[in-house]
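Asks: Dropping the structure in here first, questions after.
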Amino acid sequence: MDSARRLGRAQIVGVLAQLAVSTVLLGGIYALIAVGLTLIFGIMRVVNFAHGEYLMLGMYLAFWAFTLWGLDPYVVLLPAVPIFFGIGLLTYLLVMKGVIHASHNVQIFTTVGLSTALQNVALVAWTGDFRFVRPWHSSKVLGLLGTAFNLSQIVAFAIAVTLTVALFAFMKWTHTGRVMRATAQDRDAATLMGIDTDRVYRITFALGIAAVGVAGVLVSPLYSVYPTAGLQFVLLAYVVVVLGGLGDMVGALLGSVIVAGVEVVGSYFIGSAWKEILYFMLFIGVLVFRPAGLFGQRGAESLGV
Amino acid sequence: MGVLRERAGAVAFFAAAAAAPLLVRDNFFLDSLVLILMWGALSAAWNVAGGYAGQVSIGHASFFGIGAYAAALVSTRFDQSPWIGMLAGVVVSIAAGAVIGYLSNRLKGPYFALATIAFSQVLLILASRWRGFTSGSEGIPVPYRPGLWTLGLGHFAWAYVALAVAVLFYLVEVWLERSRFGYQLAGVREDEDAAEALGIASRRLKVVAVTLSAALTSVCGTLWAQYIGFVDPFYVFSVDLSIRFALNAIIGGLGSALGPFLGSLLITSLETALRAQFSGVKTGFTGIYLIIYGVVLILVVRFVPEGLTGLAARLRARAARA
């Protein structure tokens, strides 16, 4: 009787530890996805509805590199940074540059159109089949604090956190980062101070896309790869970003952990089939009651229009 | 002057649509006509919220799906007429539309668009996972029972049902342009603070506009489900579908009554032509026209944000000056 109760308690501790570590691991990865979205919004005041498509492209990059050349996704990470920075630059010049000062509606439909086009380029080029990247580390199980995780998850978390911290450091301590923050605070004043805002937007967009593209490479061993894979993640990233306050990078980190927690605990108690409904309800709830985010500035939600 | 020309265009458009089935009795042609009118009507319904009220939704597939599911469930589970299902769908959509309309009071621009996407995703999850009630991700085949009361019609009759709905929705848009309600709505869209200062109850107006738009969308959802004969949750609640409603209206001209129908004429014909062109390539087809959609959307909002009707007016003005 007594030992049974103690076993029960040990199990509860085990489950709690597993849930907590899962939350942190997942939260780290979500942070890297969300931080690019919030960066682009904070500085350019554009919600990038095509953000998830770059994640999807990152996943395909990892898939093809693995399938064709047997390259490990972690090796692909290195070229992925400049590749996606370049793709971001190109997208900015071809698509975003022209609508940066346009109305919200024009911006929404521009990025929505971009999203539709990219998804379907992937569909036509690589079919709608679900693909998998399964390097050796995705099936290597590690014990951590009495819990079990595969190695890919842990490495993905570590790299995601490193990159997010690097991005923070860049924003905080480099000259370019300061110029970007100045532009975020006041576009017009920044222009008057001689800041080349077009250059700032170019770098911002390219950085945001690089972050999410790299995130795509990172998560490729953990999730299946298909043309609309980005949608699920990006919806999640919206939740994260709105929770943290659109444009608020630290808020995005906290938001990531909250969303990951809801997802992990929700899947444990009500099953993974219904977990999405939880965070969409959370999303709508936050939009209605705290539209500027849990920690955001008031009034941010009605900016412009 | 501009309005007269627009009305004359509408009369010509709908008269041509009414005459066409009498002249060409080809099922492929009639099918295209039904689709052009139905997509046009759907975009007109979207336009009520997105164009006239300025509440840009990317989740209007929610109401379309509610209408489609309501009719399919009512006819398969309760063995009733889809017209009763249409009514049920409208009632549910009015309730859902009021919720979305309420959100539109609190959220603007991208925030509102995000909330509408989230709403349609919640409905998608419900419809695809609640197996006991909706049959889950397999979808529901809608039984074909001949007769107007059961909406089991031939292509010829469908053309006129679609035409009736299209004309009705067009008239709703015209009413929005001519009525006190419509003028107030335009005031709120252009400058909410100024409208409020003039004593216009902007919040209530927006809720009514979004709710009306939801109800109209739901009616089309029901008709579409009966016409196609199958309800697939991943289609009826998809983001692509919501974008399509907006696309026709934007290409035609936001907040113009005939615009959505012109946009639909262009886009639906393009799709039909591409479908014929790529009929051999089965998997590739869907992707190809959606790539074109995406690119067209980007180009139109960038270079002709006022749409076809606005472009026509601009060209006429230039011609008049020259």
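How things are named: the first chain in the structure tokens is A, the next is B, and so on; residues count from 1 in each chain; ligands count from 1 in the order shown.
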Need to verify the contact set: region 76-88 of chain B, 8 Å, only C-alpha atoms, exclusion of same-chain residues closer than 3 positions in sequence. Can you return it as a PyMOL selection string?
Replies: chain B and resi 67+70-73+91-92+142-143+149-151+218-219+222+226
Asks: Please report as CSV every residue of chain B lying within 7 Å of chain A, along with the nearest atom pair and their distance in Å (one decimal), using only C-alpha atoms.
Replies:
residue,atom,partner,partner_atom,distance
B:Leu103,CA,A:Val288,CA,6.6
B:Arg106,CA,A:Val288,CA,6.7
B:Leu107,CA,A:Glu301,CA,6.3
B:Lys108,CA,A:Ser302,CA,5.5
B:Gly109,CA,A:His104,CA,5.8
B:Pro110,CA,A:Val47,CA,6.5
B:Tyr111,CA,A:Glu301,CA,6.7
B:Ala115,CA,A:Ile284,CA,6.1
B:Ala118,CA,A:Phe280,CA,5.9
B:Val122,CA,A:Ile277,CA,5.8
B:Ile125,CA,A:Ile277,CA,6.8
B:Gly284,CA,A:Val124,CA,5.2
B:Gly287,CA,A:Asn120,CA,4.7
B:Ile288,CA,A:Val124,CA,6.8
B:Leu290,CA,A:Asn120,CA,6.3
B:Ile291,CA,A:Ala117,CA,4.2
B:Gly294,CA,A:Gly113,CA,3.9
B:Val295,CA,A:Gly113,CA,6.3
B:Leu297,CA,A:Gly113,CA,5.4
B:Ile298,CA,A:Thr110,CA,4.7
B:Val301,CA,A:Val106,CA,5.6
B:Arg302,CA,A:Val99,CA,6.8
Asks: So what do you get for CA of Ala34 (chain A) versus CA of Val219 (chain A), distance-wise?
Replies: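 CA of Ala34 (chain A) sits 13.7 Å away from CA of Val219 (chain A).
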Asks: Show me, as a ChimeraX atom specification, the residues that have an atom within 12 Å of region 12-19 of chain B when counting only C-alpha atoms, minus same-chain residues fewer than 3 positions from it.
Replies: /B:5-9,22-25,29-30,32-38,40,156-168,170-171,258-259,261-262,265
Asks: As a CSV table (one decimal) with N, CA and C atoms, in the first residue's frame, list the residues of region 58-182 of chain A assigned to helix (DSSP H, G or I) by DSSP on the backbone atoms of this structure.
Replies:
chain,number,residue,atom,x,y,z
A,58,GLY,N,13.2,25.5,-45.7
A,58,GLY,CA,14.4,25.1,-44.9
A,58,GLY,C,14.3,23.5,-44.7
A,59,MET,N,13.1,23.1,-44.4
A,59,MET,CA,12.9,21.6,-44.2
A,59,MET,C,13.2,20.9,-45.5
A,60,TYR,N,12.8,21.4,-46.6
A,60,TYR,CA,13.1,20.7,-47.9
A,60,TYR,C,14.6,20.8,-48.2
A,61,LEU,N,15.2,21.9,-47.9
A,61,LEU,CA,16.7,22.0,-48.1
A,61,LEU,C,17.4,20.9,-47.3
A,62,ALA,N,17.0,20.7,-46.1
A,62,ALA,CA,17.6,19.6,-45.3
A,62,ALA,C,17.3,18.2,-45.9
A,63,PHE,N,16.0,18.1,-46.3
A,63,PHE,CA,15.6,16.8,-46.9
A,63,PHE,C,16.4,16.5,-48.1
A,64,TRP,N,16.6,17.4,-49.0
A,64,TRP,CA,17.3,17.1,-50.3
A,64,TRP,C,18.8,16.9,-50.0
A,65,ALA,N,19.3,17.7,-49.1
A,65,ALA,CA,20.7,17.5,-48.8
A,65,ALA,C,21.0,16.2,-48.2
A,66,PHE,N,20.1,15.7,-47.4
A,66,PHE,CA,20.2,14.4,-46.7
A,66,PHE,C,20.0,13.3,-47.7
A,67,THR,N,19.0,13.4,-48.6
A,67,THR,CA,18.6,12.3,-49.5
A,67,THR,C,19.6,12.2,-50.6
A,68,LEU,N,20.0,13.4,-51.2
A,68,LEU,CA,20.9,13.3,-52.4
A,68,LEU,C,22.3,13.1,-52.0
A,69,TRP,N,22.8,13.8,-51.0
A,69,TRP,CA,24.2,13.8,-50.7
A,69,TRP,C,24.5,13.2,-49.3
A,73,PRO,N,21.6,17.2,-41.3
A,73,PRO,CA,21.0,18.5,-41.2
A,73,PRO,C,21.8,19.5,-40.5
A,74,TYR,N,22.6,19.0,-39.5
A,74,TYR,CA,23.5,20.0,-38.7
A,74,TYR,C,24.6,20.5,-39.6
A,75,VAL,N,25.0,19.7,-40.6
A,75,VAL,CA,26.0,20.2,-41.5
A,75,VAL,C,25.4,21.3,-42.4
A,76,VAL,N,24.1,21.0,-42.8
A,76,VAL,CA,23.4,21.9,-43.7
A,76,VAL,C,23.2,23.2,-43.1
A,77,LEU,N,23.1,23.3,-41.8
A,77,LEU,CA,22.9,24.5,-41.1
A,77,LEU,C,23.8,25.6,-41.5
A,78,LEU,N,25.1,25.3,-41.7
A,78,LEU,CA,26.1,26.3,-42.0
A,78,LEU,C,25.8,27.0,-43.3
A,79,PRO,N,25.6,26.3,-44.4
A,79,PRO,CA,25.3,27.0,-45.7
A,79,PRO,C,23.8,27.6,-45.6
A,80,ALA,N,23.0,27.0,-44.7
A,80,ALA,CA,21.6,27.5,-44.7
A,80,ALA,C,21.5,28.9,-44.3
A,81,VAL,N,22.4,29.4,-43.4
A,81,VAL,CA,22.3,30.8,-42.9
A,81,VAL,C,22.5,31.7,-44.1
A,82,PRO,N,23.6,31.7,-44.9
A,82,PRO,CA,23.7,32.6,-46.0
A,82,PRO,C,22.7,32.3,-47.1
A,83,ILE,N,22.3,31.1,-47.3
A,83,ILE,CA,21.3,30.8,-48.3
A,83,ILE,C,20.0,31.5,-48.0
A,84,PHE,N,19.5,31.4,-46.8
A,84,PHE,CA,18.2,32.0,-46.4
A,84,PHE,C,18.3,33.5,-46.3
A,85,PHE,N,19.5,34.0,-45.9
A,85,PHE,CA,19.7,35.4,-45.8
A,85,PHE,C,19.6,36.0,-47.2
A,86,GLY,N,20.1,35.2,-48.2
A,86,GLY,CA,20.0,35.6,-49.6
A,86,GLY,C,18.6,35.6,-50.1
A,87,ILE,N,17.9,34.5,-49.8
A,87,ILE,CA,16.5,34.4,-50.2
A,87,ILE,C,15.7,35.5,-49.6
A,88,GLY,N,16.0,35.8,-48.3
A,88,GLY,CA,15.3,36.9,-47.7
A,88,GLY,C,15.5,38.3,-48.4
A,89,LEU,N,16.8,38.5,-48.7
A,89,LEU,CA,17.1,39.7,-49.5
A,89,LEU,C,16.4,39.8,-50.8
A,90,LEU,N,16.4,38.7,-51.5
A,90,LEU,CA,15.7,38.6,-52.8
A,90,LEU,C,14.2,38.9,-52.7
A,91,THR,N,13.6,38.3,-51.7
A,91,THR,CA,12.2,38.4,-51.4
A,91,THR,C,11.9,39.9,-51.1
A,92,TYR,N,12.8,40.5,-50.3
A,92,TYR,CA,12.6,41.9,-50.0
A,92,TYR,C,12.6,42.8,-51.2
A,93,LEU,N,13.6,42.6,-52.0
A,93,LEU,CA,13.8,43.4,-53.2
A,93,LEU,C,12.7,43.2,-54.2
A,94,LEU,N,12.3,42.0,-54.4
A,94,LEU,CA,11.3,41.7,-55.5
A,94,LEU,C,9.9,42.0,-55.0
A,95,VAL,N,9.6,41.7,-53.7
A,95,VAL,CA,8.2,41.7,-53.3
A,95,VAL,C,7.9,42.8,-52.2
A,96,MET,N,8.7,42.8,-51.2
A,96,MET,CA,8.3,43.6,-50.0
A,96,MET,C,8.7,45.1,-50.2
A,97,LYS,N,9.8,45.4,-50.9
A,97,LYS,CA,10.2,46.8,-51.0
A,97,LYS,C,9.1,47.7,-51.5
A,98,GLY,N,8.3,47.2,-52.4
A,98,GLY,CA,7.3,48.1,-53.0
A,98,GLY,C,6.1,48.3,-52.1
A,99,VAL,N,5.9,47.5,-51.1
A,99,VAL,CA,4.7,47.7,-50.3
A,99,VAL,C,5.0,48.1,-48.9
A,104,HIS,N,-2.1,48.4,-44.6
A,104,HIS,CA,-2.1,47.1,-44.1
A,104,HIS,C,-2.7,46.1,-45.0
A,105,ASN,N,-3.8,46.4,-45.6
A,105,ASN,CA,-4.5,45.5,-46.5
A,105,ASN,C,-3.6,45.0,-47.6
A,106,VAL,N,-2.9,46.0,-48.2
A,106,VAL,CA,-2.0,45.7,-49.3
A,106,VAL,C,-0.9,44.7,-48.8
A,107,GLN,N,-0.3,45.0,-47.7
A,107,GLN,CA,0.8,44.2,-47.1
A,107,GLN,C,0.3,42.8,-46.8
A,108,ILE,N,-1.0,42.7,-46.2
A,108,ILE,CA,-1.5,41.4,-45.9
A,108,ILE,C,-1.6,40.6,-47.1
A,109,PHE,N,-2.2,41.1,-48.2
A,109,PHE,CA,-2.4,40.3,-49.4
A,109,PHE,C,-1.2,40.1,-50.1
A,110,THR,N,-0.2,40.9,-50.0
A,110,THR,CA,1.1,40.7,-50.7
A,110,THR,C,1.7,39.4,-50.0
A,111,THR,N,1.8,39.4,-48.7
A,111,THR,CA,2.5,38.2,-48.1
A,111,THR,C,1.6,37.0,-48.2
A,112,VAL,N,0.3,37.2,-48.2
A,112,VAL,CA,-0.6,36.0,-48.3
A,112,VAL,C,-0.4,35.4,-49.7
A,113,GLY,N,-0.3,36.3,-50.7
A,113,GLY,CA,-0.1,35.8,-52.1
A,113,GLY,C,1.3,35.1,-52.2
A,114,LEU,N,2.3,35.7,-51.5
A,114,LEU,CA,3.6,35.1,-51.5
A,114,LEU,C,3.5,33.7,-50.9
A,115,SER,N,2.8,33.6,-49.8
A,115,SER,CA,2.6,32.3,-49.1
A,115,SER,C,2.0,31.2,-50.1
A,116,THR,N,0.9,31.6,-50.7
A,116,THR,CA,0.2,30.7,-51.6
A,116,THR,C,1.2,30.3,-52.8
A,117,ALA,N,1.9,31.2,-53.3
A,117,ALA,CA,2.8,30.9,-54.4
A,117,ALA,C,3.9,30.0,-54.0
A,118,LEU,N,4.5,30.3,-52.9
A,118,LEU,CA,5.6,29.4,-52.4
A,118,LEU,C,5.2,28.0,-52.1
A,119,GLN,N,4.1,27.9,-51.4
A,119,GLN,CA,3.5,26.6,-51.0
A,119,GLN,C,3.3,25.7,-52.3
A,120,ASN,N,2.8,26.4,-53.3
A,120,ASN,CA,2.5,25.6,-54.5
A,120,ASN,C,3.6,25.4,-55.4
A,121,VAL,N,4.6,26.3,-55.4
A,121,VAL,CA,5.9,26.0,-56.1
A,121,VAL,C,6.5,24.7,-55.5
A,122,ALA,N,6.4,24.5,-54.2
A,122,ALA,CA,6.9,23.3,-53.5
A,122,ALA,C,6.1,22.1,-53.9
A,123,LEU,N,4.7,22.3,-54.0
A,123,LEU,CA,3.8,21.2,-54.4
A,123,LEU,C,4.1,20.7,-55.8
A,124,VAL,N,4.3,21.7,-56.7
A,124,VAL,CA,4.6,21.3,-58.1
A,124,VAL,C,6.0,20.7,-58.2
A,125,ALA,N,6.9,21.3,-57.5
A,125,ALA,CA,8.3,20.8,-57.7
A,125,ALA,C,8.5,19.5,-57.0
A,126,TRP,N,8.0,19.3,-55.8
A,126,TRP,CA,8.3,18.1,-55.0
A,126,TRP,C,7.1,17.3,-54.6
A,136,TRP,N,21.0,9.5,-38.1
A,136,TRP,CA,21.2,8.5,-36.9
A,136,TRP,C,20.7,9.1,-35.6
A,137,HIS,N,20.9,10.4,-35.4
A,137,HIS,CA,20.6,11.0,-34.1
A,137,HIS,C,19.1,11.2,-33.8
A,138,SER,N,18.3,11.0,-34.9
A,138,SER,CA,16.8,11.1,-34.6
A,138,SER,C,16.3,9.9,-33.8
A,139,SER,N,17.0,8.8,-33.9
A,139,SER,CA,16.5,7.6,-33.2
A,139,SER,C,17.4,7.3,-32.0
A,151,LEU,N,18.1,12.5,-29.4
A,151,LEU,CA,19.3,13.4,-29.5
A,151,LEU,C,18.9,14.6,-30.3
A,152,SER,N,18.2,14.4,-31.4
A,152,SER,CA,17.9,15.5,-32.4
A,152,SER,C,17.2,16.6,-31.7
A,153,GLN,N,16.2,16.2,-30.8
A,153,GLN,CA,15.5,17.2,-30.1
A,153,GLN,C,16.4,18.1,-29.2
A,154,ILE,N,17.3,17.5,-28.6
A,154,ILE,CA,18.2,18.2,-27.6
A,154,ILE,C,19.1,19.1,-28.4
A,155,VAL,N,19.7,18.6,-29.5
A,155,VAL,CA,20.6,19.4,-30.3
A,155,VAL,C,19.9,20.5,-30.9
A,156,ALA,N,18.7,20.3,-31.4
A,156,ALA,CA,17.9,21.3,-32.1
A,156,ALA,C,17.6,22.4,-31.1
A,157,PHE,N,17.3,22.0,-29.8
A,157,PHE,CA,17.1,23.0,-28.8
A,157,PHE,C,18.3,23.9,-28.5
A,158,ALA,N,19.5,23.2,-28.4
A,158,ALA,CA,20.7,23.9,-28.1
A,158,ALA,C,21.1,24.9,-29.2
A,159,ILE,N,20.9,24.4,-30.4
A,159,ILE,CA,21.3,25.3,-31.5
A,159,ILE,C,20.3,26.4,-31.6
A,160,ALA,N,19.0,26.1,-31.5
A,160,ALA,CA,18.0,27.2,-31.6
A,160,ALA,C,18.3,28.3,-30.5
A,161,VAL,N,18.6,27.8,-29.3
A,161,VAL,CA,18.8,28.8,-28.2
A,161,VAL,C,20.1,29.6,-28.5
A,162,THR,N,21.1,29.0,-29.0
A,162,THR,CA,22.3,29.7,-29.4
A,162,THR,C,22.1,30.7,-30.4
A,163,LEU,N,21.4,30.4,-31.5
A,163,LEU,CA,21.1,31.3,-32.5
A,163,LEU,C,20.2,32.5,-32.1
A,164,THR,N,19.2,32.1,-31.2
A,164,THR,CA,18.4,33.2,-30.7
A,164,THR,C,19.2,34.2,-29.9
A,165,VAL,N,20.0,33.6,-29.0
A,165,VAL,CA,20.9,34.5,-28.2
A,165,VAL,C,21.8,35.4,-29.1
A,166,ALA,N,22.3,34.7,-30.1
A,166,ALA,CA,23.2,35.5,-31.0
A,166,ALA,C,22.4,36.6,-31.7
A,167,LEU,N,21.2,36.4,-32.1
A,167,LEU,CA,20.4,37.4,-32.7
A,167,LEU,C,20.1,38.6,-31.7
A,168,PHE,N,19.9,38.2,-30.5
A,168,PHE,CA,19.7,39.2,-29.4
A,168,PHE,C,20.9,40.0,-29.2
A,169,ALA,N,22.1,39.4,-29.2
A,169,ALA,CA,23.3,40.1,-29.0
A,169,ALA,C,23.6,41.0,-30.1
A,170,PHE,N,23.3,40.5,-31.3
A,170,PHE,CA,23.4,41.4,-32.5
A,170,PHE,C,22.6,42.6,-32.4
A,171,MET,N,21.3,42.4,-32.0
A,171,MET,CA,20.4,43.6,-31.9
A,171,MET,C,20.9,44.5,-30.8
A,172,LYS,N,21.5,44.0,-29.7
A,172,LYS,CA,21.8,44.8,-28.6
A,172,LYS,C,23.1,45.6,-28.8
A,173,TRP,N,24.1,44.9,-29.3
A,173,TRP,CA,25.5,45.4,-29.2
A,173,TRP,C,26.1,45.9,-30.5
A,175,HIS,N,26.3,48.0,-34.1
A,175,HIS,CA,25.8,49.3,-34.6
A,175,HIS,C,24.6,49.1,-35.4
A,176,THR,N,24.7,48.1,-36.3
A,176,THR,CA,23.5,47.8,-37.2
A,176,THR,C,22.3,47.5,-36.3
A,177,GLY,N,22.5,46.7,-35.2
A,177,GLY,CA,21.4,46.3,-34.4
A,177,GLY,C,20.8,47.6,-33.7
A,178,ARG,N,21.6,48.5,-33.3
A,178,ARG,CA,21.1,49.7,-32.7
A,178,ARG,C,20.3,50.5,-33.7
A,179,VAL,N,20.8,50.6,-34.9
A,179,VAL,CA,20.1,51.3,-36.0
A,179,VAL,C,18.8,50.7,-36.2
A,180,MET,N,18.7,49.4,-36.2
A,180,MET,CA,17.5,48.7,-36.4
A,180,MET,C,16.5,49.0,-35.3
A,181,ARG,N,17.0,49.0,-34.1
A,181,ARG,CA,16.1,49.3,-33.0
A,181,ARG,C,15.6,50.7,-33.0
A,182,ALA,N,16.5,51.6,-33.5
A,182,ALA,CA,16.1,53.0,-33.6
A,182,ALA,C,14.9,53.2,-34.6
Asks: Quick one: of B:Thr268, B:Ser120, B:Ser242, B:Thr211, who's nearest to Ile58 (chain B), counting only C-alpha atoms?
Replies: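 Using only C-alpha atoms, Ile58 (chain B) sits closest to B:Ser242.
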Asks: Please report the interatomic distance between CA of Thr174 (chain A) and CA of Gly216 (chain A) in Å with one decimal.
Replies: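 Interatomic distance, CA of Thr174 (chain A) to CA of Gly216 (chain A): 26.1 Å.
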Asks: Which residues, written as a list of chain:residue names, have at least one atom at most 6 Å from region 255-263 of chain A, with only C-alpha atoms counted and residues fewer than 6 positions away on the same chain left out?
Replies: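 The filter keeps A:Thr23, A:Leu26, A:Gly27, A:Tyr30, A:Ala31, A:Val240, A:Leu243, A:Gly244, A:Lys275.
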Asks: Using only C-alpha atoms, please write the residues we just selected to a file, as a CSV table (one decimal), in the first residue's frame.
Replies:
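And here's again.csv as it stands now:
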chain,number,residue,atom,x,y,z
A,23,THR,CA,8.2,22.2,-22.7
A,26,LEU,CA,10.0,22.7,-27.7
A,27,GLY,CA,9.9,26.3,-26.5
A,30,TYR,CA,9.5,27.8,-31.3
A,31,ALA,CA,11.4,30.8,-30.1
A,240,VAL,CA,3.7,33.0,-29.7
A,243,LEU,CA,1.2,36.4,-26.6
A,244,GLY,CA,4.5,38.1,-26.2
A,275,LYS,CA,-4.0,20.1,-28.6
Asks: From the set B:Val207, B:Leu311, B:Ala319, B:Val231, which residue has the shortest atom-to-atom contact distance to Ala53 (chain B), counting only C-alpha atoms?
Replies: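 Closest candidate: B:Val207.
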Asks: Quick one: pull the distance between CA of His60 (chain B) and CA of Glu192 (chain B), Å, one decimal.
Replies: 23.1 Å
Asks: Can you list every residue in region 7-213 of chain A that DSSP puts in strand (DSSP E or B), as a list in words?
Replies: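 DSSP on the backbone gives strand (DSSP E or B) at Arg131, Val141, Leu142, Gly143, Leu144, Thr147, Ala148, Phe149 and Asn150 of chain A.
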Asks: Would you save the residues of that selection, restricted to N, CA and C atoms, as a PDB file, in the first residue's frame?
Replies:
ATOM      1  N   ARG A 131       7.585  13.642 -46.565  1.00  0.00           N
ATOM      2  CA  ARG A 131       8.960  13.127 -46.631  1.00  0.00           C
ATOM      3  C   ARG A 131       9.550  13.155 -45.233  1.00  0.00           C
ATOM      4  N   VAL A 141      18.204   7.673 -28.309  1.00  0.00           N
ATOM      5  CA  VAL A 141      17.476   8.164 -27.134  1.00  0.00           C
ATOM      6  C   VAL A 141      18.445   8.459 -25.996  1.00  0.00           C
ATOM      7  N   LEU A 142      18.247   9.606 -25.396  1.00  0.00           N
ATOM      8  CA  LEU A 142      19.090  10.013 -24.267  1.00  0.00           C
ATOM      9  C   LEU A 142      18.222  10.160 -23.026  1.00  0.00           C
ATOM     10  N   GLY A 143      18.795   9.826 -21.882  1.00  0.00           N
ATOM     11  CA  GLY A 143      18.088  10.064 -20.631  1.00  0.00           C
ATOM     12  C   GLY A 143      18.521  11.412 -20.070  1.00  0.00           C
ATOM     13  N   LEU A 144      17.556  12.128 -19.523  1.00  0.00           N
ATOM     14  CA  LEU A 144      17.894  13.447 -18.986  1.00  0.00           C
ATOM     15  C   LEU A 144      17.005  13.659 -17.770  1.00  0.00           C
ATOM     16  N   THR A 147      14.242  11.428 -17.568  1.00  0.00           N
ATOM     17  CA  THR A 147      13.290  11.502 -18.666  1.00  0.00           C
ATOM     18  C   THR A 147      13.995  11.043 -19.941  1.00  0.00           C
ATOM     19  N   ALA A 148      13.243  10.809 -20.993  1.00  0.00           N
ATOM     20  CA  ALA A 148      13.853  10.288 -22.215  1.00  0.00           C
ATOM     21  C   ALA A 148      13.548  11.184 -23.410  1.00  0.00           C
ATOM     22  N   PHE A 149      14.600  11.528 -24.167  1.00  0.00           N
ATOM     23  CA  PHE A 149      14.428  12.360 -25.358  1.00  0.00           C
ATOM     24  C   PHE A 149      15.368  11.876 -26.423  1.00  0.00           C
ATOM     25  N   ASN A 150      15.003  12.117 -27.687  1.00  0.00           N
ATOM     26  CA  ASN A 150      15.992  11.739 -28.691  1.00  0.00           C
ATOM     27  C   ASN A 150      16.985  12.873 -28.877  1.00  0.00           C
TER      28      ASN A 150
END
